[in-house]
>>> print(open('start.cif').read())   # mmCIF, C-alpha atoms
data_data
#
loop_
_atom_site.label_atom_id
_atom_site.label_comp_id
_atom_site.auth_asym_id
_atom_site.auth_seq_id
_atom_site.Cartn_x
_atom_site.Cartn_y
_atom_site.Cartn_z
CA MET R 1019 146.38 74.95 93.58
CA SER R 1020 145.62 78.33 95.09
CA SER R 1021 142.73 80.33 93.73
CA PRO R 1022 143.00 84.08 93.29
CA THR R 1023 142.10 86.02 96.40
CA ALA R 1024 138.63 87.50 96.06
CA PRO R 1025 138.67 91.27 96.29
CA PRO R 1026 137.13 92.64 99.45
CA PRO R 1027 133.48 93.53 99.09
CA SER R 1028 133.13 97.05 97.81
CA ASN R 1029 130.92 98.00 100.75
CA ALA R 1030 133.49 97.02 103.39
CA PRO R 1031 134.48 100.01 105.51
CA ARG R 1032 137.97 101.24 104.79
CA ILE R 1033 139.79 103.78 106.90
CA ASP R 1034 142.05 105.79 104.63
CA ALA R 1035 144.83 107.88 106.11
CA GLY R 1036 142.78 111.09 106.17
CA ALA R 1037 139.99 109.43 108.14
CA ARG R 1038 142.12 107.90 110.89
CA ASP R 1039 142.00 110.74 113.37
CA SER R 1040 138.26 111.15 113.12
CA VAL R 1041 137.73 107.39 113.52
CA ARG R 1042 139.98 107.36 116.56
CA THR R 1043 137.92 110.15 118.06
CA ALA R 1044 134.80 108.11 117.38
CA LEU R 1045 136.34 105.08 119.06
CA ALA R 1046 137.23 107.21 122.09
CA ALA R 1047 133.61 108.35 122.24
CA GLU R 1048 132.44 104.74 122.12
CA HIS R 1049 134.72 103.88 125.05
CA ALA R 1050 133.33 106.82 127.01
CA ALA R 1051 129.77 105.78 126.19
CA ASN R 1052 130.44 102.28 127.49
CA TRP R 1053 131.66 103.75 130.73
CA ALA R 1054 128.68 106.15 130.93
CA TYR R 1055 126.13 103.38 130.53
CA GLY R 1056 127.88 101.32 133.14
CA LEU R 1057 127.60 104.19 135.60
CA ALA R 1058 124.14 105.45 134.64
CA GLY R 1059 122.53 102.03 134.50
CA ALA R 1060 122.63 101.73 138.26
CA PHE R 1061 120.46 104.86 138.66
CA LEU R 1062 117.91 104.43 135.91
CA GLY R 1063 115.72 101.78 137.41
CA ASP R 1064 114.44 98.47 136.11
CA ALA R 1065 112.25 99.97 133.40
CA ALA R 1066 115.36 101.17 131.60
CA ASN R 1067 117.29 97.90 131.89
CA ALA R 1068 116.48 96.66 128.43
CA ALA R 1069 117.42 99.98 126.84
CA VAL R 1070 120.64 100.24 128.81
CA ASN R 1071 121.67 96.68 127.99
CA ALA R 1072 120.89 97.12 124.31
CA ALA R 1073 122.91 100.32 124.20
CA LEU R 1074 125.84 98.71 125.97
CA ALA R 1075 125.82 95.77 123.58
CA GLU R 1076 125.75 98.06 120.58
CA HIS R 1077 128.48 100.40 121.80
CA ARG R 1078 130.69 97.45 122.68
CA ALA R 1079 130.17 95.87 119.28
CA ARG R 1080 130.97 99.11 117.53
CA ARG R 1081 133.97 99.65 119.73
CA ASP R 1082 135.30 96.21 118.77
CA THR R 1083 134.60 96.69 115.07
CA THR R 1084 136.22 100.11 114.99
CA ASP R 1085 139.26 98.87 116.85
CA ARG R 1086 139.62 96.00 114.39
CA LEU R 1087 139.22 98.28 111.37
CA LEU R 1088 141.89 100.65 112.63
CA ARG R 1089 144.32 97.81 113.15
CA GLU R 1090 143.53 96.32 109.75
CA ALA R 1091 144.29 99.72 108.25
CA GLY R 1092 147.66 99.61 109.94
CA ALA R 1093 146.71 102.47 112.20
CA GLU R 1094 147.07 102.90 115.91
CA SER R 1095 143.91 102.21 117.84
CA VAL R 1096 142.63 103.89 120.99
CA ALA R 1097 142.19 102.24 124.36
CA ALA R 1098 139.62 103.15 126.95
CA GLN R 1099 140.80 105.65 129.53
CA PRO R 1100 141.59 104.23 132.96
CA SER R 1101 138.91 106.49 134.44
CA TYR R 1102 136.36 109.05 133.32
CA THR R 1103 134.75 111.96 135.15
CA PRO R 1104 131.13 112.84 134.46
CA PRO R 1105 130.60 116.53 133.61
CA GLN R 1106 127.93 116.68 136.32
CA PRO R 1107 127.67 114.39 139.35
CA VAL R 1108 125.41 111.39 138.79
CA THR R 1109 123.22 110.93 141.82
CA ASP R 1110 119.75 110.00 140.56
CA LYS R 1111 117.69 109.05 137.53
CA THR R 1112 117.62 112.52 136.03
CA SER R 1113 121.34 113.15 136.30
CA ALA R 1114 122.04 109.64 135.03
CA ALA R 1115 119.88 110.23 131.97
CA ALA R 1116 121.58 113.59 131.41
CA LEU R 1117 124.96 111.84 131.41
CA LEU R 1118 123.72 109.49 128.71
CA VAL R 1119 122.52 112.43 126.63
CA THR R 1120 126.04 113.83 126.78
CA ALA R 1121 127.58 110.46 125.97
CA GLU R 1122 125.35 109.87 122.95
CA THR R 1123 125.80 113.46 121.76
CA ASP R 1124 129.56 112.96 121.85
CA VAL R 1125 129.19 109.70 119.91
CA ALA R 1126 126.95 111.41 117.36
CA THR R 1127 129.39 114.30 116.94
CA ALA R 1128 132.33 111.99 116.45
CA TRP R 1129 130.68 109.79 113.82
CA ARG R 1130 129.28 112.77 111.95
CA SER R 1131 132.82 114.04 111.73
CA VAL R 1132 133.86 110.71 110.19
CA LEU R 1133 131.31 111.35 107.43
CA GLU R 1134 133.17 114.55 106.59
CA HIS R 1135 136.60 112.95 106.60
CA THR R 1136 136.10 110.02 104.30
CA ASP R 1137 134.81 109.22 100.84
CA ASN R 1138 134.69 105.47 101.49
CA PRO R 1139 131.06 104.40 101.11
CA GLY R 1140 131.38 101.48 103.53
CA LEU R 1141 132.81 103.69 106.26
CA ARG R 1142 130.12 106.29 105.54
CA VAL R 1143 127.38 103.69 106.01
CA MET R 1144 128.93 102.57 109.28
CA ALA R 1145 129.30 106.15 110.50
CA LEU R 1146 125.74 107.03 109.52
CA GLU R 1147 124.35 104.07 111.42
CA ALA R 1148 126.35 105.06 114.48
CA LEU R 1149 125.22 108.68 114.19
CA THR R 1150 121.60 107.62 113.75
CA THR R 1151 121.41 105.25 116.70
CA ALA R 1152 123.16 107.82 118.89
CA ALA R 1153 120.60 110.44 117.88
CA VAL R 1154 117.70 108.11 118.61
CA ARG R 1155 119.10 107.18 122.03
CA ALA R 1156 119.67 110.85 122.85
CA VAL R 1157 115.97 111.45 122.22
CA ARG R 1158 115.02 108.78 124.71
CA TRP R 1159 117.42 109.98 127.38
CA ARG R 1160 116.41 113.61 126.93
CA ALA R 1161 112.83 112.56 127.59
CA GLU R 1162 113.97 110.68 130.67
CA ALA R 1163 115.99 113.67 131.88
CA GLY R 1164 113.15 116.12 131.24
CA ILE R 1165 115.13 117.98 128.59
CA THR R 1166 113.01 119.67 125.91
CA PRO R 1167 112.90 119.66 123.04
CA THR R 1168 113.86 116.02 122.87
CA THR R 1169 115.23 116.34 119.33
CA VAL R 1170 117.83 118.57 117.76
CA PRO R 1171 117.54 119.33 114.04
CA PHE R 1172 121.13 118.33 113.18
CA PRO R 1173 122.38 115.60 115.48
CA GLY R 1174 126.14 115.57 115.77
CA ALA R 1175 126.60 119.04 114.30
CA PRO R 1176 128.80 121.35 116.33
CA THR R 1177 126.61 123.80 118.25
CA PRO R 1178 127.21 127.38 117.08
CA MET O 1302 128.19 123.49 62.73
CA SER O 1303 125.97 121.32 60.60
CA PRO O 1304 122.40 120.88 61.74
CA LEU O 1305 121.57 117.72 63.62
CA PRO O 1306 119.61 115.11 61.73
CA THR O 1307 115.88 115.60 62.12
CA ALA O 1308 113.09 113.12 62.31
CA ASP O 1309 111.82 113.76 58.77
CA ALA O 1310 115.18 113.07 57.10
CA THR O 1311 114.84 109.27 56.96
CA PRO O 1312 111.46 108.29 58.35
CA ALA O 1313 111.91 104.59 57.61
CA ARG O 1314 114.89 104.21 59.94
CA PRO O 1315 115.22 104.91 63.67
CA VAL O 1316 115.99 108.57 64.18
CA VAL O 1317 119.53 109.26 65.29
CA SER O 1318 118.65 110.33 68.71
CA ARG O 1319 119.74 113.80 69.58
CA ARG O 1320 120.12 112.42 73.04
CA ALA O 1321 122.97 110.20 71.89
CA LEU O 1322 124.85 113.22 70.67
CA LEU O 1323 124.78 115.09 73.94
CA PHE O 1324 127.42 114.21 76.47
CA GLY O 1325 126.67 113.96 80.14
CA ALA O 1326 123.51 112.88 81.92
CA VAL O 1327 121.10 115.55 80.78
CA THR O 1328 117.68 115.14 82.29
CA LEU O 1329 115.56 115.34 79.18
CA ALA O 1330 112.30 115.21 81.10
CA SER O 1331 112.88 118.83 81.93
CA ALA O 1332 114.88 119.84 78.86
CA PRO O 1333 113.34 122.46 76.63
CA ALA O 1334 112.67 121.64 72.98
CA LEU O 1335 115.95 121.37 71.12
CA ALA O 1336 116.37 124.37 68.93
CA GLY O 1337 119.49 123.83 66.89
CA CYS O 1338 123.18 124.66 67.00
CA GLY O 1339 124.66 125.91 70.23
CA LEU O 1340 122.00 124.03 72.14
CA LEU O 1341 124.57 122.37 74.39
CA ASP O 1342 124.95 125.73 76.10
CA GLU O 1343 121.21 125.97 76.66
CA GLN O 1344 120.69 122.64 78.40
CA PRO O 1345 119.76 122.98 82.05
CA PRO O 1346 122.18 121.26 84.42
CA PRO O 1347 120.99 118.00 85.94
CA PRO O 1348 118.91 118.54 89.10
CA ASP O 1349 120.78 118.80 92.35
CA PRO O 1350 119.96 115.68 94.42
CA LEU O 1351 119.28 117.86 97.45
CA GLU O 1352 116.25 119.39 95.73
CA GLU O 1353 114.23 116.28 96.47
CA LEU O 1354 115.27 116.32 100.10
CA ARG O 1355 114.22 119.95 100.36
CA GLY O 1356 110.88 119.16 98.74
CA SER O 1357 110.24 116.32 101.19
CA ALA O 1358 111.13 118.52 104.13
CA LEU O 1359 108.68 121.22 103.03
CA SER O 1360 106.01 118.62 102.41
CA ASP O 1361 106.53 117.21 105.91
CA VAL O 1362 106.25 120.69 107.40
CA ALA O 1363 102.92 121.20 105.65
CA LEU O 1364 101.60 117.81 106.77
CA ALA O 1365 102.75 118.32 110.35
CA GLU O 1366 101.27 121.81 110.59
CA SER O 1367 97.97 120.57 109.26
CA ILE O 1368 97.95 117.75 111.78
CA ALA O 1369 98.92 120.07 114.63
CA GLN O 1370 95.89 122.20 113.84
CA GLY O 1371 93.56 119.24 113.51
CA PHE O 1372 94.48 116.98 116.42
CA ALA O 1373 95.08 118.47 119.83
CA GLU O 1374 96.79 115.39 121.24
CA LEU O 1375 99.32 115.39 118.42
CA LYS O 1376 99.93 119.12 118.42
CA SER O 1377 103.08 119.15 120.48
CA ASN O 1378 104.84 116.34 118.60
CA ALA O 1379 103.67 117.60 115.23
CA GLU O 1380 104.97 121.10 115.97
CA GLN O 1381 108.31 119.67 117.06
CA LEU O 1382 108.53 117.72 113.83
CA ALA O 1383 107.58 120.76 111.76
CA LYS O 1384 110.26 122.83 113.47
CA ASP O 1385 113.02 120.33 112.75
CA ARG O 1386 111.95 119.70 109.16
CA ARG O 1387 111.76 123.43 108.55
CA ALA O 1388 115.32 123.71 109.76
CA HIS O 1389 116.26 120.93 107.34
CA ALA O 1390 114.57 122.70 104.43
CA GLU O 1391 116.39 125.94 105.26
CA ALA O 1392 119.79 124.30 105.54
CA LEU O 1393 119.23 122.46 102.27
CA GLU O 1394 118.13 125.69 100.63
CA THR O 1395 121.31 127.40 101.77
CA GLU O 1396 123.46 124.61 100.39
CA LEU O 1397 121.51 124.44 97.13
CA ASN O 1398 122.00 128.15 96.59
CA ARG O 1399 125.66 127.97 97.50
CA ALA O 1400 126.24 125.19 94.98
CA ARG O 1401 124.36 126.91 92.20
CA PRO O 1402 124.11 130.65 92.69
CA SER O 1403 121.97 130.99 89.57
CA ARG O 1404 119.33 128.85 91.25
CA THR O 1405 117.58 131.78 92.85
CA THR O 1406 117.29 133.70 89.59
CA GLY O 1407 115.41 130.97 87.80
CA ALA O 1408 112.15 129.25 88.63
CA LEU O 1409 112.52 127.21 91.82
CA PRO O 1410 111.32 123.65 91.66
CA PRO O 1411 107.76 123.68 92.95
CA SER O 1412 107.18 122.33 96.44
CA PRO O 1413 105.13 119.14 96.38
CA ALA O 1414 101.41 119.69 96.94
CA PRO O 1415 100.67 119.26 100.66
CA ALA O 1416 99.07 115.95 101.54
CA PRO O 1417 95.45 116.17 102.72
CA ARG O 1418 94.90 116.11 106.47
CA PRO O 1419 94.41 112.51 107.65
CA PRO O 1420 90.84 111.67 108.73
CA ASN O 1421 91.55 110.73 112.34
CA GLN O 1422 94.25 110.90 114.98
CA LYS O 1423 95.50 107.36 114.46
CA ALA O 1424 95.88 107.91 110.73
CA ALA O 1425 97.60 111.22 111.41
CA SER O 1426 100.09 109.66 113.78
CA THR O 1427 100.80 106.92 111.27
CA ALA O 1428 101.23 109.47 108.50
CA LEU O 1429 103.84 111.36 110.48
CA ALA O 1430 105.74 108.19 111.38
CA ARG O 1431 105.73 107.05 107.77
CA ALA O 1432 106.88 110.44 106.58
CA MET O 1433 109.82 110.39 108.99
CA LEU O 1434 110.83 106.89 107.94
CA ALA O 1435 110.68 107.89 104.30
CA ALA O 1436 112.70 111.02 104.99
CA GLN O 1437 115.27 109.12 107.01
CA GLU O 1438 115.74 106.59 104.20
CA GLN O 1439 115.70 109.19 101.46
CA ALA O 1440 118.56 111.05 103.11
CA ALA O 1441 120.46 107.90 104.10
CA ALA O 1442 120.49 106.68 100.51
CA LEU O 1443 122.50 109.72 99.45
CA VAL O 1444 125.04 109.75 102.25
CA PRO O 1445 127.51 107.15 100.91
CA THR O 1446 128.31 109.14 97.78
CA LEU O 1447 127.79 112.83 98.50
CA PRO O 1448 130.66 115.34 98.70
CA ARG O 1449 131.99 115.42 102.23
CA HIS O 1450 130.31 118.50 103.68
CA ARG O 1451 127.00 117.37 102.22
CA ALA O 1452 127.42 113.88 103.67
CA ALA O 1453 127.56 115.37 107.15
CA LEU O 1454 124.56 117.66 106.60
CA VAL O 1455 122.41 114.96 105.04
CA GLY O 1456 123.56 112.39 107.60
CA SER O 1457 122.37 114.68 110.39
CA ILE O 1458 119.05 115.14 108.62
CA SER O 1459 118.60 111.38 108.36
CA ALA O 1460 119.50 110.91 112.02
CA CYS O 1461 117.12 113.66 113.11
CA CYS O 1462 114.24 112.03 111.24
CA ALA O 1463 115.05 108.74 112.96
CA GLY O 1464 114.89 110.59 116.25
CA LEU O 1465 111.52 112.10 115.34
CA ARG O 1466 110.24 108.58 114.75
CA GLU O 1467 111.28 107.82 118.30
CA VAL O 1468 109.33 110.87 119.50
CA LEU O 1469 106.22 109.64 117.73
CA THR O 1470 106.44 106.14 119.18
#
>>> encode(input="start.cif", output="structure tokens")
Amino acid sequence: MSSPTAPPPSNAPRIDAGARDSVRTALAAEHAANWAYGLAGAFLGDAANAAVNAALAEHRARRDTTDRLLREAGAESVAAQPSYTPPQPVTDKTSAAALLVTAETDVATAWRSVLEHTDNPGLRVMALEALTTAAVRAVRWRAEAGITPTTVPFPGAPTP
Amino acid sequence: MSPLPTADATPARPVVSRRALLFGAVTLASAPALAGCGLLDEQPPPPDPLEELRGSALSDVALAESIAQGFAELKSNAEQLAKDRRAHAEALETELNRARPSRTTGALPPSPAPAPRPPNQKAASTALARAMLAAQEQAAALVPTLPRHRAALVGSISACCAGLREVLT
């Protein structure tokens, strides 16, 4: 005898039609961040290994979750690009850290935009967590790159 | 419109609460004494949830500025924190005024009294870190249910406070 299907938990992220584009942009930013950490990691030295590995693990996990959620919503997902070009050449620790600032800023911007394009509480929680961890990482990499101030007042907000 | 029942009408029974007769979630802690008919027009609207965020931001600015003056080794970080939290307070102020243009013509909610300066550098550093955690969580709690443009603003504020915690570490 089959039992009724339990309703999905109310806090599960749901990507409604209006949120799809912004979520796809966020997924694209996660792909780019994965690439950036792969490149930058080689230049940052052993002291940064733990931070780089943690960031990679988190971006990969979020990439996988976002991809799954898009598919579950019946939406097209986004694949990683075959190649990426850094905005500035990466040749040393400072330029590597600067690349990661850009990568995390792009991630922050994309997930903040998701906040504006959905009313789903579960998706909002997911987007906020992504925005928050990107902002925190950007602080660390700004410090590493010698960029001051190391914080911005509104992470992910479009710069005027 | 007939007058509402008053407390002296039937003292032996529970008073029909005037509260029960008002629709909506009126915050009676701040409601003026009920005067009679037409009072539904006189009730203040419920407080905007961003008021508390603004109050916290101003409080954090005051704490950080006090600490910057008192502890040379914390000055730089404390000033950075004050600058960001001041920006938060201003952005919240702008949004609060946009949402309720009459806000500026009435009495503004008072800013919380500034916390006393901590007694030593360690306590000061801890106070700043705690304040940023509290601010991060306070903002994060609102994000799931705010209107969209507010969700983005408040989300950024939460994320910034998390970043300031990183600065203080």
>>> interface_residues(input="start.cif", of="chain R", to="chain O", cutoff="10 Å", atoms="only C-alpha atoms", output="number ranges by chain")
R: 1029, 1126-1127, 1129-1158, 1161, 1167-1175
>>> residues_near_point(input="start.cif", point="(122.4, 106.7, 140.9)", cutoff="6 Å", atoms="only C-alpha atoms", output="number ranges by chain")
R: 1060-1061, 1108-1110
>>> residues_around(input="start.cif", residues="Ala1079 (chain R)", least_positions_apart="6", cutoff="12 Å", atoms="only C-alpha atoms", output="list in words")
Leu1045, Glu1048, His1049, Asn1052, Ala1072, Ala1073, Asp1085, Arg1086 and Ala1148 of chain R
>>> residues_around(input="start.cif", residues="Ser1367 (chain O)", least_positions_apart="4", cutoff="8 Å", atoms="all atoms listed in the file", output="list of chain:residue names")
O:Ala1363, O:Gly1371, O:Arg1418
>>> residues_around(input="start.cif", residues="Gly1063 (chain R)", least_positions_apart="2", cutoff="12 Å", atoms="all atoms listed in the file", output="list in words")
Ala1058, Gly1059, Ala1060, Phe1061, Ala1065, Ala1066, Asn1067, Ala1068, Ala1069, Val1070, Asp1110, Lys1111, Thr1112, Ala1114, Ala1115 and Glu1162 of chain R
>>> atom_distance(input="start.cif", atom1="CA of Val1125 (chain R)", atom2="CA of Ala1044 (chain R)")
6.4 Å
>>> atom_distance(input="start.cif", atom1="CA of Ala1432 (chain O)", atom2="CA of Ala1373 (chain O)")
19.5 Å
>>> closest_residue(input="start.cif", among="R:Arg1089, R:Thr1083, R:Ala1054, R:Ala1037", to="Pro1104 (chain R)", atoms="only C-alpha atoms")
R:Ala1054
